[in-house]
Amino acid sequence: MSRVALYDRTGGPEVLYIGEVADPQPGPGHVLLRVGAAGLNPFDSKLRGGFIPSDAPFPRRIGGDVAGTVEAVGDGARYADGTPIAVGDEVLGHANGSVAERVVASASELARRPEQLPVEVAGGLWVAGLTAVSCLVTVPVGAGDTALIGGAAGGVGFVAAQLAVAAGARVIGTASERNHELLRSVGVEPVTYGDGLADRVAALGQITAVVDTHGRDALDAGVRLGVPVERMVAIAAYDAVGELGVHNAERAARTPVNLAKLADDIAAGRLVFPVAATYPLDEVVAAFAAVDASHAPGKIVVVP
């Protein structure tokens, strides 16, 4: 038996509780993980709150990001490079219902965790890291580009901004003033979001690409400043995809190969991925309250 976070109805963090379920045996291509860390995402909150429809029966589990230790292996479970996954391997990736002591995961959504990468950092990387990669595959940037990253201090935006800097682009990132120094520390030029954003950005120079990870203010600024819609990508402002014709981030880049590259870059210090706070499993309600309320940079992670 394992303790897991469950909910019997949609609503705020208070609908969550800790229950016990029997440990499933992994089927072909799957593994059973002892969870070391499970990162929380706004998507999880939207699903729990009913803002994203689901026909899954109650009680429902929650979470997707995961890092942990392989405890059992189903037939044919292999990494993306074809090598077998073994009991005792330390991995990171995605598993439905990851806020738990144990969870079953598909081998196709796992990568090896580098020894130097803390488990709580690895446990929050799947959604934020691979969404950031997807944004910059959808709208590539490099030397000669000036990219505007909306929500650059958030989980996705902070990774996307650093990847754009590493690609040789000049990067301007929107954030609240308390996060400006954080952006400067990774080579991003900060600008305060909100009314007048287009004028503030224009004062810094001509932008050639926009990645918006939190609302549509950067997209609207891009339109006003003459950025072609094919050079803009959104992950949060779904209305702007249809209304403005900007790209939604494609999903093909969300692979364990790209996840492993991110993990290696963080472990080697080439990329920064902060964890804002960790919570034990028994404090999952408080952890999700922090996700729903916080504007602090860094992931909220449950450590069972």
# chains A, B, ... in the order shown; residues from 1 in each chain; ligands from 1
>>> residues_around(residues="region 14-31 of chain A", least_positions_apart="2", cutoff="7 Å", atoms="only C-alpha atoms", output="list in words")
Met1, Ser2, Arg3, Val4, Ala5, Leu6, Tyr7, Arg9, Gly11, Gly12, Leu33, Val70, Ala72, Val73, Gly74, Asp75, Gly76, Ala77, Arg78, Val104, Ala105, Ser106, Ala107, Asp282 and Val285 of chain A
>>> write_last_selection(atoms="N, CA and C atoms", output="PDB file, in the first residue's frame")
ATOM      1  N   MET A   1       0.840  -1.198   0.000  1.00  0.00           N
ATOM      2  CA  MET A   1       0.000   0.000   0.000  1.00  0.00           C
ATOM      3  C   MET A   1       0.879   1.254   0.000  1.00  0.00           C
ATOM      4  N   SER A   2       0.403   2.309  -0.665  1.00  0.00           N
ATOM      5  CA  SER A   2       1.106   3.585  -0.688  1.00  0.00           C
ATOM      6  C   SER A   2       0.151   4.723  -0.377  1.00  0.00           C
ATOM      7  N   ARG A   3       0.680   5.747   0.247  1.00  0.00           N
ATOM      8  CA  ARG A   3      -0.090   6.950   0.529  1.00  0.00           C
ATOM      9  C   ARG A   3      -0.032   7.866  -0.689  1.00  0.00           C
ATOM     10  N   VAL A   4      -1.192   8.417  -1.065  1.00  0.00           N
ATOM     11  CA  VAL A   4      -1.286   9.250  -2.258  1.00  0.00           C
ATOM     12  C   VAL A   4      -2.197  10.438  -1.977  1.00  0.00           C
ATOM     13  N   ALA A   5      -2.011  11.509  -2.745  1.00  0.00           N
ATOM     14  CA  ALA A   5      -2.911  12.658  -2.693  1.00  0.00           C
ATOM     15  C   ALA A   5      -4.108  12.386  -3.591  1.00  0.00           C
ATOM     16  N   LEU A   6      -5.318  12.575  -3.042  1.00  0.00           N
ATOM     17  CA  LEU A   6      -6.563  12.281  -3.749  1.00  0.00           C
ATOM     18  C   LEU A   6      -7.539  13.438  -3.600  1.00  0.00           C
ATOM     19  N   TYR A   7      -8.549  13.458  -4.492  1.00  0.00           N
ATOM     20  CA  TYR A   7      -9.683  14.361  -4.291  1.00  0.00           C
ATOM     21  C   TYR A   7     -10.944  13.719  -4.862  1.00  0.00           C
ATOM     22  N   ARG A   9     -13.881  15.579  -5.355  1.00  0.00           N
ATOM     23  CA  ARG A   9     -14.685  16.576  -6.064  1.00  0.00           C
ATOM     24  C   ARG A   9     -13.743  17.681  -6.502  1.00  0.00           C
ATOM     25  N   GLY A  11     -12.435  21.573  -6.931  1.00  0.00           N
ATOM     26  CA  GLY A  11     -12.457  22.725  -6.034  1.00  0.00           C
ATOM     27  C   GLY A  11     -11.061  23.204  -5.719  1.00  0.00           C
ATOM     28  N   GLY A  12     -10.934  23.989  -4.663  1.00  0.00           N
ATOM     29  CA  GLY A  12      -9.661  24.541  -4.242  1.00  0.00           C
ATOM     30  C   GLY A  12      -8.763  23.497  -3.607  1.00  0.00           C
ATOM     31  N   LEU A  33       7.724   3.401  -9.556  1.00  0.00           N
ATOM     32  CA  LEU A  33       8.691   4.306  -8.937  1.00  0.00           C
ATOM     33  C   LEU A  33       8.368   4.531  -7.473  1.00  0.00           C
ATOM     34  N   VAL A  70      13.475   3.483  -9.337  1.00  0.00           N
ATOM     35  CA  VAL A  70      12.746   2.365  -9.935  1.00  0.00           C
ATOM     36  C   VAL A  70      12.711   1.196  -8.948  1.00  0.00           C
ATOM     37  N   ALA A  72      10.252  -1.583  -9.572  1.00  0.00           N
ATOM     38  CA  ALA A  72       9.850  -2.762 -10.337  1.00  0.00           C
ATOM     39  C   ALA A  72       9.775  -2.365 -11.810  1.00  0.00           C
ATOM     40  N   VAL A  73      10.027  -3.345 -12.682  1.00  0.00           N
ATOM     41  CA  VAL A  73      10.134  -3.061 -14.113  1.00  0.00           C
ATOM     42  C   VAL A  73       9.227  -4.010 -14.894  1.00  0.00           C
ATOM     43  N   GLY A  74       8.389  -3.445 -15.761  1.00  0.00           N
ATOM     44  CA  GLY A  74       7.560  -4.253 -16.643  1.00  0.00           C
ATOM     45  C   GLY A  74       8.335  -4.736 -17.851  1.00  0.00           C
ATOM     46  N   ASP A  75       7.788  -5.696 -18.557  1.00  0.00           N
ATOM     47  CA  ASP A  75       8.449  -6.249 -19.747  1.00  0.00           C
ATOM     48  C   ASP A  75       8.742  -5.155 -20.769  1.00  0.00           C
ATOM     49  N   GLY A  76       9.968  -5.168 -21.262  1.00  0.00           N
ATOM     50  CA  GLY A  76      10.326  -4.281 -22.363  1.00  0.00           C
ATOM     51  C   GLY A  76      10.506  -2.826 -22.003  1.00  0.00           C
ATOM     52  N   ALA A  77      10.588  -2.486 -20.722  1.00  0.00           N
ATOM     53  CA  ALA A  77      10.764  -1.088 -20.326  1.00  0.00           C
ATOM     54  C   ALA A  77      12.191  -0.645 -20.633  1.00  0.00           C
ATOM     55  N   ARG A  78      12.325   0.324 -21.509  1.00  0.00           N
ATOM     56  CA  ARG A  78      13.639   0.798 -21.942  1.00  0.00           C
ATOM     57  C   ARG A  78      13.668   2.319 -22.024  1.00  0.00           C
ATOM     58  N   VAL A 104       3.192   4.463 -11.007  1.00  0.00           N
ATOM     59  CA  VAL A 104       3.616   3.788 -12.229  1.00  0.00           C
ATOM     60  C   VAL A 104       3.845   4.830 -13.318  1.00  0.00           C
ATOM     61  N   ALA A 105       4.943   4.667 -14.050  1.00  0.00           N
ATOM     62  CA  ALA A 105       5.284   5.591 -15.126  1.00  0.00           C
ATOM     63  C   ALA A 105       5.625   4.819 -16.382  1.00  0.00           C
ATOM     64  N   SER A 106       5.355   5.425 -17.531  1.00  0.00           N
ATOM     65  CA  SER A 106       5.764   4.858 -18.813  1.00  0.00           C
ATOM     66  C   SER A 106       7.254   5.118 -19.025  1.00  0.00           C
ATOM     67  N   ALA A 107       7.973   4.097 -19.449  1.00  0.00           N
ATOM     68  CA  ALA A 107       9.403   4.274 -19.725  1.00  0.00           C
ATOM     69  C   ALA A 107       9.643   5.330 -20.795  1.00  0.00           C
ATOM     70  N   ASP A 282       2.050  15.099   3.557  1.00  0.00           N
ATOM     71  CA  ASP A 282       0.948  15.447   4.455  1.00  0.00           C
ATOM     72  C   ASP A 282       0.537  16.911   4.333  1.00  0.00           C
ATOM     73  N   VAL A 285      -2.079  20.179   0.789  1.00  0.00           N
ATOM     74  CA  VAL A 285      -3.018  21.302   0.677  1.00  0.00           C
ATOM     75  C   VAL A 285      -2.261  22.623   0.721  1.00  0.00           C
TER      76      VAL A 285
END
>>> select_by_dssp(residues="region 96-262 of chain A", states="alpha helix (DSSP H)", output="NGL selection string")
:A and (119-122 or 126-138 or 155-166 or 180-185 or 197-202 or 217-224 or 238-244 or 256-262)
>>> write_last_selection(atoms="C-alpha atoms", output="compact mmCIF listing (two decimals), in the first residue's frame")
# COMPACT_ATOMS: atom_id res chain seq x y z
CA VAL A 119 15.97 15.04 -6.63
CA GLU A 120 13.72 17.99 -5.73
CA VAL A 121 15.00 19.91 -8.77
CA ALA A 122 14.59 16.88 -11.04
CA TRP A 126 9.15 17.82 -16.93
CA VAL A 127 6.39 20.36 -17.60
CA ALA A 128 8.31 23.62 -17.20
CA GLY A 129 11.49 22.47 -18.90
CA LEU A 130 9.97 20.72 -21.89
CA THR A 131 7.36 23.44 -22.44
CA ALA A 132 10.19 25.96 -22.61
CA VAL A 133 12.04 23.79 -25.11
CA SER A 134 8.85 23.46 -27.16
CA CYS A 135 8.41 27.24 -27.28
CA LEU A 136 11.87 27.75 -28.75
CA VAL A 137 11.47 24.90 -31.21
CA THR A 138 8.23 26.50 -32.37
CA GLY A 155 8.87 28.21 -14.30
CA VAL A 156 8.55 28.01 -18.09
CA GLY A 157 9.64 31.57 -18.80
CA PHE A 158 12.83 31.35 -16.74
CA VAL A 159 14.00 28.26 -18.61
CA ALA A 160 12.96 29.68 -22.00
CA ALA A 161 14.81 32.92 -21.30
CA GLN A 162 18.01 31.08 -20.42
CA LEU A 163 17.76 28.84 -23.48
CA ALA A 164 17.30 31.90 -25.68
CA VAL A 165 20.36 33.56 -24.12
CA ALA A 166 22.37 30.37 -24.66
CA HIS A 180 14.48 41.80 -11.91
CA GLU A 181 17.81 40.97 -10.27
CA LEU A 182 17.16 37.24 -10.75
CA LEU A 183 16.70 37.85 -14.49
CA ARG A 184 19.84 39.96 -14.69
CA SER A 185 21.78 37.14 -13.03
CA LEU A 197 4.68 47.46 -21.69
CA ALA A 198 5.01 48.12 -25.42
CA ASP A 199 6.46 51.59 -24.79
CA ARG A 200 8.95 50.25 -22.24
CA VAL A 201 10.06 47.50 -24.59
CA ALA A 202 10.32 49.88 -27.55
CA ASP A 217 0.47 41.28 -22.55
CA ALA A 218 3.77 40.44 -24.27
CA LEU A 219 1.88 39.19 -27.33
CA ASP A 220 -0.12 42.40 -27.53
CA ALA A 221 3.12 44.37 -27.18
CA GLY A 222 4.62 42.32 -29.99
CA VAL A 223 1.67 43.05 -32.28
CA ARG A 224 1.92 46.78 -31.53
CA TYR A 238 -5.19 30.47 -25.62
CA ASP A 239 -7.53 33.17 -26.95
CA ALA A 240 -4.60 34.88 -28.62
CA VAL A 241 -3.81 31.78 -30.67
CA GLY A 242 -7.12 32.10 -32.47
CA GLU A 243 -7.57 35.85 -32.29
CA LEU A 244 -4.06 36.95 -33.27
CA PRO A 256 13.00 12.22 -22.71
CA VAL A 257 16.01 13.05 -24.87
CA ASN A 258 15.39 16.78 -24.46
CA LEU A 259 14.60 16.24 -20.78
CA ALA A 260 17.94 14.49 -20.29
CA LYS A 261 19.72 17.41 -21.97
CA LEU A 262 18.03 19.88 -19.60
>>> closest_residue(among="A:Val246, A:Ala167, A:Leu92, A:Val272", to="Val186 (chain A)", atoms="only C-alpha atoms")
A:Val272
>>> atom_distance(atom1="CA of Gly68 (chain A)", atom2="CA of Ala263 (chain A)")
14.0 Å
>>> closest_residue(among="A:Val233, A:Thr174, A:Ala95, A:Glu90", to="Val141 (chain A)", atoms="only C-alpha atoms")
A:Val233
>>> residues_around(residues="Phe288 (chain A)", least_positions_apart="4", cutoff="10 Å", atoms="only C-alpha atoms", output="list in words")
Gly12, Pro13, Glu14, Leu16, Leu40, Asn41, Pro42, Asp44, Ser45, Tyr279, Glu283, Val284, Asp292, Ala293, Ser294, Ile300, Val301 and Val302 of chain A
>>> write_last_selection(atoms="N, CA and C atoms", output="compact mmCIF listing (two decimals), in the first residue's frame")
# COMPACT_ATOMS: atom_id res chain seq x y z
N GLY A 12 -10.93 23.99 -4.66
CA GLY A 12 -9.66 24.54 -4.24
C GLY A 12 -8.76 23.50 -3.61
N PRO A 13 -7.58 23.91 -3.13
CA PRO A 13 -6.65 22.96 -2.53
C PRO A 13 -7.25 22.16 -1.38
N GLU A 14 -8.26 22.73 -0.72
CA GLU A 14 -8.85 22.07 0.45
C GLU A 14 -9.56 20.76 0.11
N LEU A 16 -8.24 18.33 -1.38
CA LEU A 16 -7.24 17.27 -1.39
C LEU A 16 -7.13 16.60 -0.03
N LEU A 40 4.74 20.53 -8.65
CA LEU A 40 3.36 20.94 -8.87
C LEU A 40 3.31 22.02 -9.95
N ASN A 41 2.25 21.97 -10.76
CA ASN A 41 2.11 22.90 -11.87
C ASN A 41 0.73 23.55 -11.87
N PRO A 42 0.63 24.76 -12.46
CA PRO A 42 -0.70 25.37 -12.59
C PRO A 42 -1.70 24.47 -13.29
N ASP A 44 -2.07 21.31 -12.90
CA ASP A 44 -2.64 20.44 -11.88
C ASP A 44 -3.76 21.14 -11.13
N SER A 45 -3.54 22.42 -10.81
CA SER A 45 -4.56 23.19 -10.10
C SER A 45 -5.81 23.39 -10.95
N TYR A 279 7.49 20.62 0.27
CA TYR A 279 6.48 20.27 1.27
C TYR A 279 6.42 18.76 1.41
N GLU A 283 1.37 17.75 3.75
CA GLU A 283 1.08 19.18 3.60
C GLU A 283 0.75 19.54 2.15
N VAL A 284 0.13 18.60 1.43
CA VAL A 284 -0.18 18.83 0.03
C VAL A 284 -1.17 19.98 -0.16
N ASP A 292 -1.11 28.16 -6.09
CA ASP A 292 -2.21 28.99 -6.55
C ASP A 292 -2.01 30.47 -6.23
N ALA A 293 -1.23 30.77 -5.18
CA ALA A 293 -1.12 32.15 -4.71
C ALA A 293 0.21 32.80 -5.02
N SER A 294 1.25 32.03 -5.24
CA SER A 294 2.60 32.58 -5.24
C SER A 294 3.01 33.14 -6.58
N ILE A 300 7.30 24.71 -6.76
CA ILE A 300 6.80 24.13 -5.52
C ILE A 300 6.83 22.62 -5.72
N VAL A 301 7.46 21.91 -4.77
CA VAL A 301 7.69 20.49 -4.92
C VAL A 301 7.25 19.75 -3.67
N VAL A 302 6.54 18.64 -3.87
CA VAL A 302 6.18 17.75 -2.76
C VAL A 302 7.22 16.64 -2.69
>>> residues_around(residues="Asp212 (chain A)", least_positions_apart="3", cutoff="6 Å", atoms="only C-alpha atoms", output="list in words")
Ile149, Gly150, Ala218 and Ala234 of chain A
>>> select_by_dssp(residues="region 91-210 of chain A", states="strand (DSSP E or B)", output="compact mmCIF listing (two decimals) with N, CA and C atoms, in the first residue's frame")
# COMPACT_ATOMS: atom_id res chain seq x y z
N VAL A 91 15.57 8.17 -11.79
CA VAL A 91 15.00 8.70 -13.01
C VAL A 91 14.21 9.98 -12.74
N LEU A 92 13.88 10.69 -13.80
CA LEU A 92 12.98 11.84 -13.74
C LEU A 92 12.11 11.83 -14.98
N GLY A 93 10.98 12.52 -14.89
CA GLY A 93 10.10 12.59 -16.04
C GLY A 93 8.67 12.85 -15.65
N HIS A 94 7.75 12.06 -16.22
CA HIS A 94 6.32 12.28 -16.04
C HIS A 94 5.63 10.99 -15.63
N ALA A 100 2.53 11.23 -4.54
CA ALA A 100 2.28 9.94 -3.91
C ALA A 100 3.60 9.35 -3.46
N ARG A 102 4.34 6.12 -4.22
CA ARG A 102 4.71 5.29 -5.37
C ARG A 102 3.78 5.62 -6.54
N VAL A 103 4.30 5.42 -7.75
CA VAL A 103 3.50 5.69 -8.93
C VAL A 103 4.05 4.86 -10.09
N VAL A 104 3.19 4.46 -11.01
CA VAL A 104 3.62 3.79 -12.23
C VAL A 104 3.84 4.83 -13.32
N ALA A 105 4.94 4.67 -14.05
CA ALA A 105 5.28 5.59 -15.13
C ALA A 105 5.63 4.82 -16.38
N SER A 106 5.35 5.42 -17.53
CA SER A 106 5.76 4.86 -18.81
C SER A 106 7.25 5.12 -19.03
N LEU A 110 10.52 8.88 -19.31
CA LEU A 110 11.53 8.94 -18.26
C LEU A 110 12.92 9.11 -18.85
N ALA A 111 13.78 9.74 -18.06
CA ALA A 111 15.21 9.86 -18.38
C ALA A 111 16.01 9.58 -17.12
N ARG A 112 17.26 9.25 -17.27
CA ARG A 112 18.12 9.04 -16.11
C ARG A 112 18.37 10.36 -15.40
N THR A 146 16.22 39.66 -30.96
CA THR A 146 15.91 40.20 -29.64
C THR A 146 14.54 39.64 -29.27
N ALA A 147 14.53 38.75 -28.29
CA ALA A 147 13.31 38.05 -27.91
C ALA A 147 12.70 38.66 -26.66
N LEU A 148 11.40 38.84 -26.69
CA LEU A 148 10.65 39.28 -25.52
C LEU A 148 10.00 38.05 -24.90
N ILE A 149 10.35 37.75 -23.64
CA ILE A 149 9.79 36.61 -22.93
C ILE A 149 8.81 37.13 -21.88
N GLY A 150 7.53 36.84 -22.05
CA GLY A 150 6.54 37.25 -21.06
C GLY A 150 6.50 36.27 -19.91
N ARG A 170 19.55 38.23 -27.78
CA ARG A 170 19.34 39.22 -26.73
C ARG A 170 17.94 38.97 -26.18
N VAL A 171 17.80 38.94 -24.85
CA VAL A 171 16.52 38.57 -24.25
C VAL A 171 16.05 39.66 -23.30
N ILE A 172 14.82 40.11 -23.53
CA ILE A 172 14.12 41.03 -22.63
C ILE A 172 13.01 40.24 -21.97
N GLY A 173 12.94 40.29 -20.64
CA GLY A 173 11.96 39.47 -19.94
C GLY A 173 11.06 40.29 -19.04
N THR A 174 9.75 40.04 -19.11
CA THR A 174 8.83 40.75 -18.22
C THR A 174 8.75 40.03 -16.88
N ALA A 175 8.69 40.84 -15.81
CA ALA A 175 8.61 40.30 -14.45
C ALA A 175 8.29 41.43 -13.50
N GLU A 189 17.51 41.00 -19.74
CA GLU A 189 17.20 42.39 -19.43
C GLU A 189 15.76 42.47 -18.94
N PRO A 190 15.53 42.86 -17.67
CA PRO A 190 14.16 42.84 -17.15
C PRO A 190 13.37 44.08 -17.52
N VAL A 191 12.07 43.90 -17.63
CA VAL A 191 11.14 45.00 -17.84
C VAL A 191 9.87 44.67 -17.07
N THR A 192 9.28 45.66 -16.45
CA THR A 192 8.06 45.44 -15.66
C THR A 192 6.87 45.21 -16.58
N ALA A 209 11.01 38.51 -31.80
CA ALA A 209 10.28 37.30 -31.44
C ALA A 209 9.66 37.50 -30.07
N VAL A 210 8.55 36.81 -29.81
CA VAL A 210 7.85 36.90 -28.52
C VAL A 210 7.48 35.50 -28.06
>>> decode(residues="region 138-229 of chain A", atoms="C-alpha atoms", output="tab-separated table (two decimals), in the first residue's frame")
chain	number	residue	atom	x	y	z
A	138	THR	CA	8.23	26.50	-32.37
A	139	VAL	CA	9.84	29.97	-32.65
A	140	PRO	CA	13.62	29.51	-32.85
A	141	VAL	CA	15.85	32.41	-31.85
A	142	GLY	CA	19.57	33.02	-32.15
A	143	ALA	CA	22.24	35.61	-32.82
A	144	GLY	CA	20.66	38.75	-34.25
A	145	ASP	CA	17.32	38.17	-32.51
A	146	THR	CA	15.91	40.20	-29.64
A	147	ALA	CA	13.31	38.05	-27.91
A	148	LEU	CA	10.65	39.28	-25.52
A	149	ILE	CA	9.79	36.61	-22.93
A	150	GLY	CA	6.54	37.25	-21.06
A	151	GLY	CA	6.56	35.91	-17.51
A	152	ALA	CA	10.32	35.40	-17.60
A	153	ALA	CA	10.63	34.71	-13.86
A	154	GLY	CA	8.05	31.90	-13.93
A	155	GLY	CA	8.87	28.21	-14.30
A	156	VAL	CA	8.55	28.01	-18.09
A	157	GLY	CA	9.64	31.57	-18.80
A	158	PHE	CA	12.83	31.35	-16.74
A	159	VAL	CA	14.00	28.26	-18.61
A	160	ALA	CA	12.96	29.68	-22.00
A	161	ALA	CA	14.81	32.92	-21.30
A	162	GLN	CA	18.01	31.08	-20.42
A	163	LEU	CA	17.76	28.84	-23.48
A	164	ALA	CA	17.30	31.90	-25.68
A	165	VAL	CA	20.36	33.56	-24.12
A	166	ALA	CA	22.37	30.37	-24.66
A	167	ALA	CA	21.28	30.38	-28.32
A	168	GLY	CA	22.84	33.83	-28.75
A	169	ALA	CA	19.73	36.01	-28.65
A	170	ARG	CA	19.34	39.22	-26.73
A	171	VAL	CA	16.52	38.57	-24.25
A	172	ILE	CA	14.12	41.03	-22.63
A	173	GLY	CA	11.96	39.47	-19.94
A	174	THR	CA	8.83	40.75	-18.22
A	175	ALA	CA	8.61	40.30	-14.45
A	176	SER	CA	7.68	42.09	-11.27
A	177	GLU	CA	10.44	44.36	-9.97
A	178	ARG	CA	11.31	42.00	-7.11
A	179	ASN	CA	12.44	39.45	-9.71
A	180	HIS	CA	14.48	41.80	-11.91
A	181	GLU	CA	17.81	40.97	-10.27
A	182	LEU	CA	17.16	37.24	-10.75
A	183	LEU	CA	16.70	37.85	-14.49
A	184	ARG	CA	19.84	39.96	-14.69
A	185	SER	CA	21.78	37.14	-13.03
A	186	VAL	CA	21.16	34.89	-16.06
A	187	GLY	CA	21.75	37.54	-18.73
A	188	VAL	CA	18.16	38.70	-19.24
A	189	GLU	CA	17.20	42.39	-19.43
A	190	PRO	CA	14.16	42.84	-17.15
A	191	VAL	CA	11.14	45.00	-17.84
A	192	THR	CA	8.06	45.44	-15.66
A	193	TYR	CA	4.88	43.92	-17.07
A	194	GLY	CA	1.51	45.67	-17.21
A	195	ASP	CA	0.15	48.84	-18.79
A	196	GLY	CA	2.64	50.61	-21.02
A	197	LEU	CA	4.68	47.46	-21.69
A	198	ALA	CA	5.01	48.12	-25.42
A	199	ASP	CA	6.46	51.59	-24.79
A	200	ARG	CA	8.95	50.25	-22.24
A	201	VAL	CA	10.06	47.50	-24.59
A	202	ALA	CA	10.32	49.88	-27.55
A	203	ALA	CA	12.68	52.04	-25.50
A	204	LEU	CA	15.03	49.06	-25.24
A	205	GLY	CA	15.11	48.27	-28.96
A	206	GLN	CA	13.37	46.39	-31.77
A	207	ILE	CA	12.16	42.90	-30.85
A	208	THR	CA	12.04	40.08	-33.38
A	209	ALA	CA	10.28	37.30	-31.44
A	210	VAL	CA	7.85	36.90	-28.52
A	211	VAL	CA	7.34	33.99	-26.13
A	212	ASP	CA	4.46	34.55	-23.73
A	213	THR	CA	4.20	32.16	-20.79
A	214	HIS	CA	1.78	34.11	-18.60
A	215	GLY	CA	-1.17	35.86	-20.24
A	216	ARG	CA	-1.07	37.90	-23.43
A	217	ASP	CA	0.47	41.28	-22.55
A	218	ALA	CA	3.77	40.44	-24.27
A	219	LEU	CA	1.88	39.19	-27.33
A	220	ASP	CA	-0.12	42.40	-27.53
A	221	ALA	CA	3.12	44.37	-27.18
A	222	GLY	CA	4.62	42.32	-29.99
A	223	VAL	CA	1.67	43.05	-32.28
A	224	ARG	CA	1.92	46.78	-31.53
A	225	LEU	CA	5.67	46.72	-32.19
A	226	GLY	CA	5.31	44.98	-35.54
A	227	VAL	CA	6.53	41.47	-34.74
A	228	PRO	CA	5.12	39.02	-37.32
A	229	VAL	CA	2.60	36.63	-35.78
